[in-house]
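J.: data-v6.cif is reproduced below (mmCIF, C-alpha atoms).
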```
data_input
#
loop_
_atom_site.label_atom_id
_atom_site.label_comp_id
_atom_site.auth_asym_id
_atom_site.auth_seq_id
_atom_site.Cartn_x
_atom_site.Cartn_y
_atom_site.Cartn_z
CA VAL T 553 81.46 62.01 48.19
CA THR T 554 80.56 64.92 50.48
CA PRO T 555 81.10 64.03 54.15
CA PRO T 556 78.81 64.99 57.05
CA ALA T 557 78.80 68.50 58.50
CA GLY T 558 81.96 69.30 60.42
CA TYR T 559 84.31 67.58 57.98
CA GLY T 560 86.50 69.79 55.83
CA GLY T 561 87.28 67.56 52.87
CA LYS T 562 85.61 65.72 50.04
CA ALA T 563 86.36 62.64 47.94
CA TRP T 564 86.00 61.09 44.54
CA VAL T 565 85.63 57.30 44.45
CA PHE T 566 86.71 55.56 41.26
CA GLY T 567 86.16 51.88 40.49
CA ALA T 568 89.40 50.05 39.68
CA LEU T 569 90.33 47.06 37.57
CA HIS T 570 93.09 45.05 39.23
CA ALA T 571 94.34 43.97 35.79
CA GLY T 572 94.07 46.04 32.64
CA SER T 573 95.25 46.55 29.08
CA LYS T 574 96.95 49.39 27.23
CA ASP T 575 93.85 50.34 25.29
CA LEU T 576 92.09 51.40 28.51
CA TYR T 577 94.37 54.42 28.78
CA PRO T 578 94.42 57.34 28.86
CA LEU T 579 91.38 57.50 31.10
CA PRO T 580 88.56 59.93 30.26
CA LEU T 581 89.22 63.61 30.87
CA GLN T 582 86.28 63.70 33.30
CA VAL T 583 88.26 61.30 35.50
CA LEU T 584 91.68 62.85 35.01
CA SER T 585 90.50 66.41 35.70
CA ARG T 586 89.18 65.35 39.12
CA TRP T 587 92.34 63.37 39.80
CA GLU T 588 94.57 66.32 38.96
CA ALA T 589 92.57 68.55 41.32
CA SER T 590 92.90 66.07 44.21
CA ASP T 591 95.41 66.30 47.07
CA VAL T 592 95.63 62.67 48.22
CA LEU T 593 95.41 59.23 46.62
CA ALA T 594 93.62 56.55 48.67
CA ILE T 595 93.84 52.90 47.60
CA GLU T 596 92.97 49.56 49.13
CA LEU T 597 96.60 48.52 49.57
CA ASP T 598 99.87 49.25 47.81
CA VAL T 599 100.66 45.62 46.93
CA GLN T 600 104.05 46.43 45.43
CA THR T 601 105.35 48.30 48.46
CA ARG T 602 103.76 45.76 50.80
CA ARG T 603 104.83 42.72 48.82
CA ASP T 604 107.10 41.18 51.46
CA GLU T 605 104.50 41.66 54.18
CA LEU T 606 101.77 40.17 52.01
CA VAL T 607 103.88 37.18 51.00
CA GLY T 608 104.75 36.56 54.64
CA GLU T 609 101.09 36.68 55.69
CA PHE T 610 99.96 34.48 52.81
CA LEU T 611 102.62 31.85 53.49
CA LYS T 612 101.22 31.36 56.98
CA SER T 613 98.02 29.94 55.54
CA THR T 614 98.86 28.24 52.23
CA GLN T 615 99.59 24.73 53.52
CA LEU T 616 97.42 22.13 55.21
CA PRO T 617 98.44 20.99 58.71
CA GLU T 618 101.65 18.99 58.72
CA GLY T 619 101.16 15.51 57.35
CA ARG T 620 97.67 16.14 55.95
CA LEU T 621 96.65 16.10 52.28
CA LEU T 622 93.54 17.14 50.38
CA ASP T 623 92.99 13.43 49.78
CA ASP T 624 92.16 13.20 53.50
CA TYR T 625 89.28 15.64 53.14
CA LEU T 626 87.88 15.37 49.61
CA ASP T 627 85.97 12.51 48.04
CA ARG T 628 87.54 10.69 45.11
CA ASP T 629 85.04 12.03 42.54
CA THR T 630 85.91 15.63 43.41
CA ILE T 631 89.63 14.95 43.17
CA ASN T 632 89.27 13.09 39.87
CA THR T 633 87.17 15.89 38.37
CA LEU T 634 89.79 18.47 39.32
CA ARG T 635 92.66 16.40 38.03
CA GLN T 636 90.95 15.67 34.73
CA ARG T 637 89.90 19.28 34.19
CA PHE T 638 93.44 20.57 34.63
CA ALA T 639 95.34 17.48 33.42
CA ILE T 640 97.13 17.18 36.75
CA THR T 641 99.73 14.40 36.81
CA ASP T 642 100.43 12.25 39.85
CA GLU T 643 103.66 14.14 40.46
CA ARG T 644 101.96 17.52 40.36
CA TRP T 645 99.02 16.37 42.49
CA ALA T 646 101.48 15.23 45.16
CA ARG T 647 102.52 18.90 45.48
CA LEU T 648 99.07 20.45 45.09
CA ALA T 649 97.46 18.11 47.61
CA ARG T 650 99.43 19.79 50.39
CA LEU T 651 97.73 23.14 49.75
CA GLN T 652 94.77 24.56 51.58
CA PRO T 653 91.68 24.67 49.33
CA TRP T 654 91.76 28.46 48.91
CA THR T 655 95.37 28.26 47.71
CA LEU T 656 94.63 25.42 45.30
CA THR T 657 91.75 27.43 43.83
CA ARG T 658 93.96 30.45 43.18
CA VAL T 659 96.75 28.31 41.68
CA LEU T 660 94.40 26.50 39.28
CA ARG T 661 92.48 29.63 38.26
CA GLY T 662 95.76 31.36 37.49
CA ALA T 663 97.19 28.42 35.58
CA GLY T 664 96.01 29.70 32.23
CA GLY T 665 97.07 33.30 32.77
CA ARG T 666 94.93 36.25 31.74
CA PRO T 667 93.37 36.35 28.29
CA GLY T 668 94.41 38.96 25.78
CA ASN T 669 96.87 41.54 27.02
CA ALA T 670 95.38 42.11 30.49
CA ARG T 671 98.18 42.60 33.03
CA ARG T 672 98.39 43.54 36.72
CA TYR T 673 100.83 46.38 36.08
CA LEU T 674 98.13 47.95 33.89
CA GLY T 675 95.56 47.72 36.67
CA THR T 676 93.89 51.02 37.49
CA GLU T 677 95.32 51.40 40.98
CA GLN T 678 98.85 50.82 39.67
CA ILE T 679 98.35 53.56 37.08
CA PHE T 680 97.21 56.02 39.76
CA LEU T 681 100.04 55.00 42.10
CA SER T 682 102.50 55.88 39.35
CA LYS T 683 100.74 59.20 38.78
CA ALA T 684 100.79 59.94 42.53
CA ARG T 685 104.54 59.33 42.69
CA GLU T 686 105.05 61.64 39.72
CA ARG T 687 102.96 64.35 41.40
CA ARG T 688 104.56 63.60 44.80
CA ILE T 689 101.26 63.69 46.59
CA PRO T 690 100.44 61.64 49.72
CA ARG T 691 99.22 58.07 49.34
CA VAL T 692 97.06 56.43 52.01
CA GLU T 693 95.93 52.83 52.33
CA LEU T 694 92.42 51.88 53.38
CA GLU T 695 93.46 48.37 54.46
CA ARG T 696 96.31 46.61 56.25
CA PRO T 697 98.15 43.57 54.81
CA ALA T 698 96.93 41.18 57.54
CA GLU T 699 93.33 42.34 57.02
CA GLN T 700 93.40 41.78 53.28
CA VAL T 701 95.04 38.37 53.64
CA ALA T 702 92.46 37.31 56.24
CA ALA T 703 89.69 38.23 53.77
CA LEU T 704 91.30 36.44 50.83
CA THR T 705 92.46 33.21 52.45
CA GLY T 706 89.05 31.60 52.54
CA GLY T 707 88.07 31.22 56.18
CA PRO T 708 88.02 27.98 58.18
CA LEU T 709 89.02 24.73 56.49
CA SER T 710 85.45 23.36 56.56
CA GLU T 711 84.24 26.40 54.61
CA GLN T 712 87.11 26.21 52.14
CA LEU T 713 86.35 22.55 51.44
CA ALA T 714 82.65 23.29 50.92
CA LEU T 715 83.53 26.11 48.51
CA LEU T 716 85.94 23.92 46.58
CA ARG T 717 83.34 21.13 46.21
CA TYR T 718 80.77 23.71 45.07
CA ARG T 719 83.13 25.20 42.50
CA VAL T 720 84.31 21.87 41.14
CA ARG T 721 80.71 21.13 40.13
CA ARG T 722 80.56 24.41 38.15
CA PRO T 723 82.91 24.49 35.15
CA GLU T 724 82.04 28.14 34.47
CA PHE T 725 83.80 29.17 37.70
CA TRP T 726 87.18 28.23 36.22
CA THR T 727 86.70 30.36 33.09
CA SER T 728 88.16 33.87 33.20
CA LYS T 729 85.59 36.69 33.17
CA ILE T 730 88.15 39.44 32.75
CA GLU T 731 87.15 40.46 29.22
CA GLU T 732 83.49 40.71 30.26
CA LEU T 733 84.56 42.67 33.32
CA ILE T 734 86.65 45.11 31.29
CA GLN T 735 83.84 45.76 28.82
CA ALA T 736 81.24 46.28 31.56
CA TRP T 737 83.68 48.59 33.38
CA ARG T 738 84.26 50.66 30.25
CA ARG T 739 80.50 51.11 29.82
CA GLY T 740 79.93 51.89 33.49
CA ASP T 741 77.36 49.10 33.31
CA GLU T 742 76.45 48.51 36.97
CA LYS T 743 73.90 45.81 36.13
CA SER T 744 76.46 43.70 34.25
CA LEU T 745 79.12 44.31 36.90
CA LEU T 746 76.72 43.15 39.60
CA GLY T 747 75.83 40.09 37.52
CA LEU T 748 79.51 39.14 37.20
CA LYS T 749 80.04 39.63 40.93
CA GLN T 750 77.01 37.47 41.75
CA ARG T 751 78.08 34.70 39.36
CA GLU T 752 81.28 34.27 41.32
CA PHE T 753 80.26 35.16 44.86
CA GLY T 754 76.50 34.61 44.93
CA ARG T 755 73.62 36.93 45.71
CA GLU T 756 73.35 38.71 49.03
CA ARG T 757 70.53 37.01 50.90
CA PRO T 758 68.58 37.54 54.11
CA ASN T 759 70.28 36.10 57.17
CA ALA T 760 67.84 33.20 57.23
CA ASP T 761 69.16 31.98 53.86
CA ARG T 762 72.88 32.40 54.58
CA ALA T 763 73.30 28.92 56.07
CA ARG T 764 72.35 27.38 52.72
CA ASP T 765 74.82 29.51 50.75
CA VAL T 766 78.38 28.15 50.90
CA ARG T 767 79.65 31.45 49.50
CA ALA T 768 78.10 33.62 52.22
CA GLY T 769 81.11 33.70 54.55
CA LEU T 770 83.56 34.48 51.75
CA ARG T 771 81.29 37.21 50.37
CA GLU T 772 80.98 38.80 53.81
CA ARG T 773 84.77 38.86 54.29
CA LEU T 774 85.69 39.95 50.77
CA PHE T 775 83.10 42.69 50.42
CA ALA T 776 80.71 43.67 53.21
CA ALA T 777 83.26 43.62 56.04
CA ARG T 778 86.00 45.26 53.98
CA ASP T 779 83.62 47.88 52.62
CA ARG T 780 82.55 48.87 56.14
CA LEU T 781 86.17 49.21 57.21
CA MET T 782 87.31 51.10 54.11
CA ALA T 783 84.33 53.47 54.32
CA HIS T 784 85.22 54.37 57.92
CA ARG T 785 88.86 54.97 57.03
CA LEU T 786 87.97 57.04 53.98
CA ILE T 787 85.62 59.24 56.01
CA GLU T 788 88.44 59.82 58.50
CA GLN T 789 90.60 61.11 55.66
CA LEU T 790 88.01 63.83 55.05
CA ARG T 791 88.31 65.53 58.42
CA GLU T 792 90.94 67.87 56.96
CA PRO T 793 90.17 70.39 54.18
CA ARG T 794 91.49 68.40 51.24
CA THR T 795 90.27 66.36 48.29
CA VAL T 796 90.89 62.61 48.32
CA PHE T 797 90.82 60.54 45.14
CA ALA T 798 89.97 56.98 46.23
CA VAL T 799 90.56 54.03 43.90
CA VAL T 800 88.90 50.77 44.99
CA GLY T 801 87.99 47.56 43.17
CA THR T 802 84.92 47.93 40.97
CA TYR T 803 83.05 45.11 42.76
CA HIS T 804 83.16 47.26 45.91
CA LEU T 805 80.84 49.73 44.17
CA VAL T 806 77.99 47.37 43.27
CA GLY T 807 75.58 45.24 45.28
CA GLN T 808 74.11 45.71 48.73
CA ASN T 809 76.22 47.15 51.54
CA ASN T 810 78.90 48.31 49.11
CA ILE T 811 81.40 50.99 50.04
CA LEU T 812 79.15 53.75 48.68
CA SER T 813 76.14 52.67 50.74
CA GLN T 814 78.44 52.35 53.76
CA LEU T 815 79.61 55.93 53.21
CA SER T 816 75.97 57.02 53.03
CA ALA T 817 75.26 55.19 56.29
CA LEU T 818 78.04 57.24 57.88
CA GLY T 819 76.26 60.44 56.89
CA ALA T 820 78.03 61.22 53.63
CA THR T 821 76.25 62.33 50.48
CA VAL T 822 77.20 60.16 47.51
CA GLN T 823 76.44 61.16 43.91
CA ARG T 824 77.39 59.22 40.83
CA ILE T 825 78.87 61.39 38.08
CA ASP T 826 77.41 60.88 34.60
CA TYR T 827 80.23 61.44 32.12
CA ASP T 828 77.76 62.48 29.42
CA SER T 829 76.56 65.46 31.46
CA THR T 830 79.89 66.66 32.80
CA HIS T 831 81.95 69.42 31.27
#
```
Take the structure in the file and give it back as structure tokens.

T.:
Amino acid sequence: VTPPAGYGGKAWVFGALHAGSKDLYPLPLQVLSRWEASDVLAIELDVQTRRDELVGEFLKSTQLPEGRLLDDYLDRDTINTLRQRFAITDERWARLARLQPWTLTRVLRGAGGRPGNARRYLGTEQIFLSKARERRIPRVELERPAEQVAALTGGPLSEQLALLRYRVRRPEFWTSKIEELIQAWRRGDEKSLLGLKQREFGRERPNADRARDVRAGLRERLFAARDRLMAHRLIEQLREPRTVFAVVGTYHLVGQNNILSQLSALGATVQRIDYDSTH
């Protein structure tokens, strides 16, 4: 990424996996050589350092209003389908029914763990954070805890309920895509990565069609809005004469209005590096 005239720095933007496996490392030399020549690491958020803040923010929005249960909002067929799919006992449902829909979704999707040996501590940003500490170079965050939580917690209750009903009708939503994601990431296969993103979050549509897409609000918060914000903050890091190595989630690099197109809209020149032609 080369910023507009008047800025002294430049950046590399690398797509991250938030969970990984040992066989993904070491990363290609074409990546590591640019990392080693960089002066600053930029990431979305250092979730380990910010853990207490994140937990505190998340806890504010995990529970339904006092005295309310999901049974008050969802039809019996939806509840029965969920309970049968995950073999939820009466005792467990009594606890889960107090959760907001976004929280319930995350709990149930995480119930089976990650397939294979994929682990969060092997996620790409965690690897680079460790490397940055070893090199003792500055680390900057492109988001704030409250901002990330607001994007992840699913929006108003009416939207969360609509999303949950939509997802309950689609068994494929509850199946982990992490192995497909890892393989597409390793190939640099933007088409497959975009397909995986669209399967979960839907296609970006003209404004006229947004009202019919229950995923539109979530997609806007998780990607478009965050990408605009992170692009602005990354550009600001380039005012000084230094090289920034930015590591952001791979889904932020594909689709319309992604972080790269947002950087271009701010006047930066963005060029994808082809590993096969680099030396």

J.: Of the candidates T:Gly561, T:Gly662, T:Gly740, T:Pro708, which one gets nearest to T:Ser613 if we count only C-alpha atoms?

T.: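 Closest residue, counting only C-alpha atoms: T:Pro708.
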
J.: Name the residues that the PyMOL selection byres ((chain T and resi 745) around 12) picks from the file above, as a PyMOL selection string, using the file's chain letters and numbers.

T.: chain T and resi 567+569+729-744+746-752+801-807

J.: With C-alpha atoms kept, could you save the residues just selected as a short mmCIF file (atom, residue, chain, number, x, y, z; two decimals), keeping the file's coordinate frame?

T.:
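Result file selection_4.cif:
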```cif
data_model
loop_
_atom_site.label_atom_id
_atom_site.label_comp_id
_atom_site.auth_asym_id
_atom_site.auth_seq_id
_atom_site.Cartn_x
_atom_site.Cartn_y
_atom_site.Cartn_z
CA GLY T 567 86.16 51.88 40.49
CA LEU T 569 90.33 47.06 37.57
CA LYS T 729 85.59 36.69 33.17
CA ILE T 730 88.15 39.44 32.75
CA GLU T 731 87.15 40.46 29.22
CA GLU T 732 83.49 40.71 30.26
CA LEU T 733 84.56 42.67 33.32
CA ILE T 734 86.65 45.11 31.29
CA GLN T 735 83.84 45.76 28.82
CA ALA T 736 81.24 46.28 31.56
CA TRP T 737 83.68 48.59 33.38
CA ARG T 738 84.26 50.66 30.25
CA ARG T 739 80.50 51.11 29.82
CA GLY T 740 79.93 51.89 33.49
CA ASP T 741 77.36 49.10 33.31
CA GLU T 742 76.45 48.51 36.97
CA LYS T 743 73.90 45.81 36.13
CA SER T 744 76.46 43.70 34.25
CA LEU T 746 76.72 43.15 39.60
CA GLY T 747 75.83 40.09 37.52
CA LEU T 748 79.51 39.14 37.20
CA LYS T 749 80.04 39.63 40.93
CA GLN T 750 77.01 37.47 41.75
CA ARG T 751 78.08 34.70 39.36
CA GLU T 752 81.28 34.27 41.32
CA GLY T 801 87.99 47.56 43.17
CA THR T 802 84.92 47.93 40.97
CA TYR T 803 83.05 45.11 42.76
CA HIS T 804 83.16 47.26 45.91
CA LEU T 805 80.84 49.73 44.17
CA VAL T 806 77.99 47.37 43.27
CA GLY T 807 75.58 45.24 45.28
#
```

J.: Looking at all atoms listed in the file, which of T:Leu648, T:Val692, T:Leu812, T:Val592 is the one that sits closest to T:Leu616?

T.: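 Checking each of T:Leu648, T:Val692, T:Leu812, T:Val592 against T:Leu616, counting all atoms listed in the file, the winner is T:Leu648.
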
J.: Counting all atoms listed in the file, find residues at most 12 Å from (98.2, 50.5, 42.4) (file frame) and give them as a VMD selection string.

T.: chain T and resid 568 to 572 593 to 602 672 to 685 691 to 693 798 to 801

J.: Any idea what's packed within 12 Å of T:Ile640, counting all atoms listed in the file, ignoring anything in its chain fewer than 6 positions away? Could you give it as a ChimeraX atom specification?

T.: /T:631-634,646-649,660,663

J.: Residues picked by the PyMOL selection byres ((chain T and resi 558) around 12) here, as a PyMOL selection string?

T.: chain T and resi 554-557+559-562+787-788+790-793+819-820

J.: For stretch 769-785 of chain T, find every residue with an atom within 8 Å (counting all atoms listed in the file), except residues of its own chain fewer than 4 positions away, and show them as an mmCIF file with C-alpha atoms, in the coordinates of the input.

T.:
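Output saved as selection-v3.cif:
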```cif
data_model
loop_
_atom_site.group_PDB
_atom_site.id
_atom_site.type_symbol
_atom_site.label_atom_id
_atom_site.label_comp_id
_atom_site.auth_asym_id
_atom_site.auth_seq_id
_atom_site.Cartn_x
_atom_site.Cartn_y
_atom_site.Cartn_z
ATOM 1 C CA GLU T 596 92.970 49.560 49.130
ATOM 2 C CA LEU T 694 92.420 51.880 53.380
ATOM 3 C CA GLU T 695 93.460 48.370 54.460
ATOM 4 C CA ALA T 703 89.690 38.230 53.770
ATOM 5 C CA LEU T 704 91.300 36.440 50.830
ATOM 6 C CA GLY T 706 89.050 31.600 52.540
ATOM 7 C CA GLY T 707 88.070 31.220 56.180
ATOM 8 C CA GLU T 711 84.240 26.400 54.610
ATOM 9 C CA PHE T 753 80.260 35.160 44.860
ATOM 10 C CA GLY T 754 76.500 34.610 44.930
ATOM 11 C CA GLN T 789 90.600 61.110 55.660
ATOM 12 C CA HIS T 804 83.160 47.260 45.910
ATOM 13 C CA ASN T 809 76.220 47.150 51.540
ATOM 14 C CA ASN T 810 78.900 48.310 49.110
ATOM 15 C CA ILE T 811 81.400 50.990 50.040
ATOM 16 C CA LEU T 812 79.150 53.750 48.680
ATOM 17 C CA GLN T 814 78.440 52.350 53.760
ATOM 18 C CA LEU T 815 79.610 55.930 53.210
ATOM 19 C CA LEU T 818 78.040 57.240 57.880
#
```

J.: What is the atom CA of T:Val822-atom CA of T:Asp591 distance in Å, reported with one decimal?

T.: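 Distance between the two atoms: 19.2 Å.
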
J.: For T:Thr630, work out the shell of residues within 9 Å, counting all atoms listed in the file and skipping chain neighbours fewer than 6 positions away, then give it as a ChimeraX atom specification.

T.: /T:716-717,720-721

J.: To one decimal in Å, tell me the separation between atom CA of T:Gln712 and atom CA of T:Pro653.

T.: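 Spanning atom CA of T:Gln712 to atom CA of T:Pro653 is a straight-line distance of 5.6 Å.
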
J.: Can you sort out stretch 789-805 of chain T so it carries N, CA and C atoms, written as a PDB file, in the frame of the given file?

T.:
```pdb
ATOM      1  N   GLN T 789      89.698  60.315  56.483  1.00  0.00           N
ATOM      2  CA  GLN T 789      90.600  61.110  55.660  1.00  0.00           C
ATOM      3  C   GLN T 789      90.013  62.466  55.283  1.00  0.00           C
ATOM      4  N   LEU T 790      88.698  62.615  55.480  1.00  0.00           N
ATOM      5  CA  LEU T 790      88.010  63.830  55.050  1.00  0.00           C
ATOM      6  C   LEU T 790      87.829  64.838  56.172  1.00  0.00           C
ATOM      7  N   ARG T 791      88.411  64.563  57.320  1.00  0.00           N
ATOM      8  CA  ARG T 791      88.310  65.530  58.420  1.00  0.00           C
ATOM      9  C   ARG T 791      89.053  66.822  58.083  1.00  0.00           C
ATOM     10  N   GLU T 792      90.150  66.702  57.342  1.00  0.00           N
ATOM     11  CA  GLU T 792      90.940  67.870  56.960  1.00  0.00           C
ATOM     12  C   GLU T 792      90.417  68.457  55.645  1.00  0.00           C
ATOM     13  N   PRO T 793      90.644  69.739  55.411  1.00  0.00           N
ATOM     14  CA  PRO T 793      90.170  70.390  54.180  1.00  0.00           C
ATOM     15  C   PRO T 793      91.021  70.021  52.975  1.00  0.00           C
ATOM     16  N   ARG T 794      90.743  68.863  52.392  1.00  0.00           N
ATOM     17  CA  ARG T 794      91.490  68.400  51.240  1.00  0.00           C
ATOM     18  C   ARG T 794      90.605  67.486  50.408  1.00  0.00           C
ATOM     19  N   THR T 795      91.028  67.229  49.188  1.00  0.00           N
ATOM     20  CA  THR T 795      90.270  66.360  48.290  1.00  0.00           C
ATOM     21  C   THR T 795      91.015  65.047  48.127  1.00  0.00           C
ATOM     22  N   VAL T 796      90.314  63.952  48.402  1.00  0.00           N
ATOM     23  CA  VAL T 796      90.890  62.610  48.320  1.00  0.00           C
ATOM     24  C   VAL T 796      90.335  61.913  47.087  1.00  0.00           C
ATOM     25  N   PHE T 797      91.220  61.348  46.292  1.00  0.00           N
ATOM     26  CA  PHE T 797      90.820  60.540  45.140  1.00  0.00           C
ATOM     27  C   PHE T 797      91.013  59.089  45.536  1.00  0.00           C
ATOM     28  N   ALA T 798      89.912  58.357  45.742  1.00  0.00           N
ATOM     29  CA  ALA T 798      89.970  56.980  46.230  1.00  0.00           C
ATOM     30  C   ALA T 798      89.745  56.010  45.070  1.00  0.00           C
ATOM     31  N   VAL T 799      90.645  55.045  44.950  1.00  0.00           N
ATOM     32  CA  VAL T 799      90.560  54.030  43.900  1.00  0.00           C
ATOM     33  C   VAL T 799      90.372  52.679  44.569  1.00  0.00           C
ATOM     34  N   VAL T 800      89.201  52.068  44.375  1.00  0.00           N
ATOM     35  CA  VAL T 800      88.900  50.770  44.990  1.00  0.00           C
ATOM     36  C   VAL T 800      88.360  49.836  43.912  1.00  0.00           C
ATOM     37  N   GLY T 801      88.464  48.535  44.147  1.00  0.00           N
ATOM     38  CA  GLY T 801      87.990  47.560  43.170  1.00  0.00           C
ATOM     39  C   GLY T 801      86.542  47.790  42.784  1.00  0.00           C
ATOM     40  N   THR T 802      86.249  47.636  41.504  1.00  0.00           N
ATOM     41  CA  THR T 802      84.920  47.930  40.970  1.00  0.00           C
ATOM     42  C   THR T 802      83.819  47.150  41.685  1.00  0.00           C
ATOM     43  N   TYR T 803      84.081  45.897  42.074  1.00  0.00           N
ATOM     44  CA  TYR T 803      83.050  45.110  42.760  1.00  0.00           C
ATOM     45  C   TYR T 803      82.669  45.719  44.103  1.00  0.00           C
ATOM     46  N   HIS T 804      83.501  46.593  44.644  1.00  0.00           N
ATOM     47  CA  HIS T 804      83.160  47.260  45.910  1.00  0.00           C
ATOM     48  C   HIS T 804      82.152  48.378  45.710  1.00  0.00           C
ATOM     49  N   LEU T 805      81.792  48.653  44.457  1.00  0.00           N
ATOM     50  CA  LEU T 805      80.840  49.730  44.170  1.00  0.00           C
ATOM     51  C   LEU T 805      79.461  49.224  43.773  1.00  0.00           C
TER      52      LEU T 805
END
```
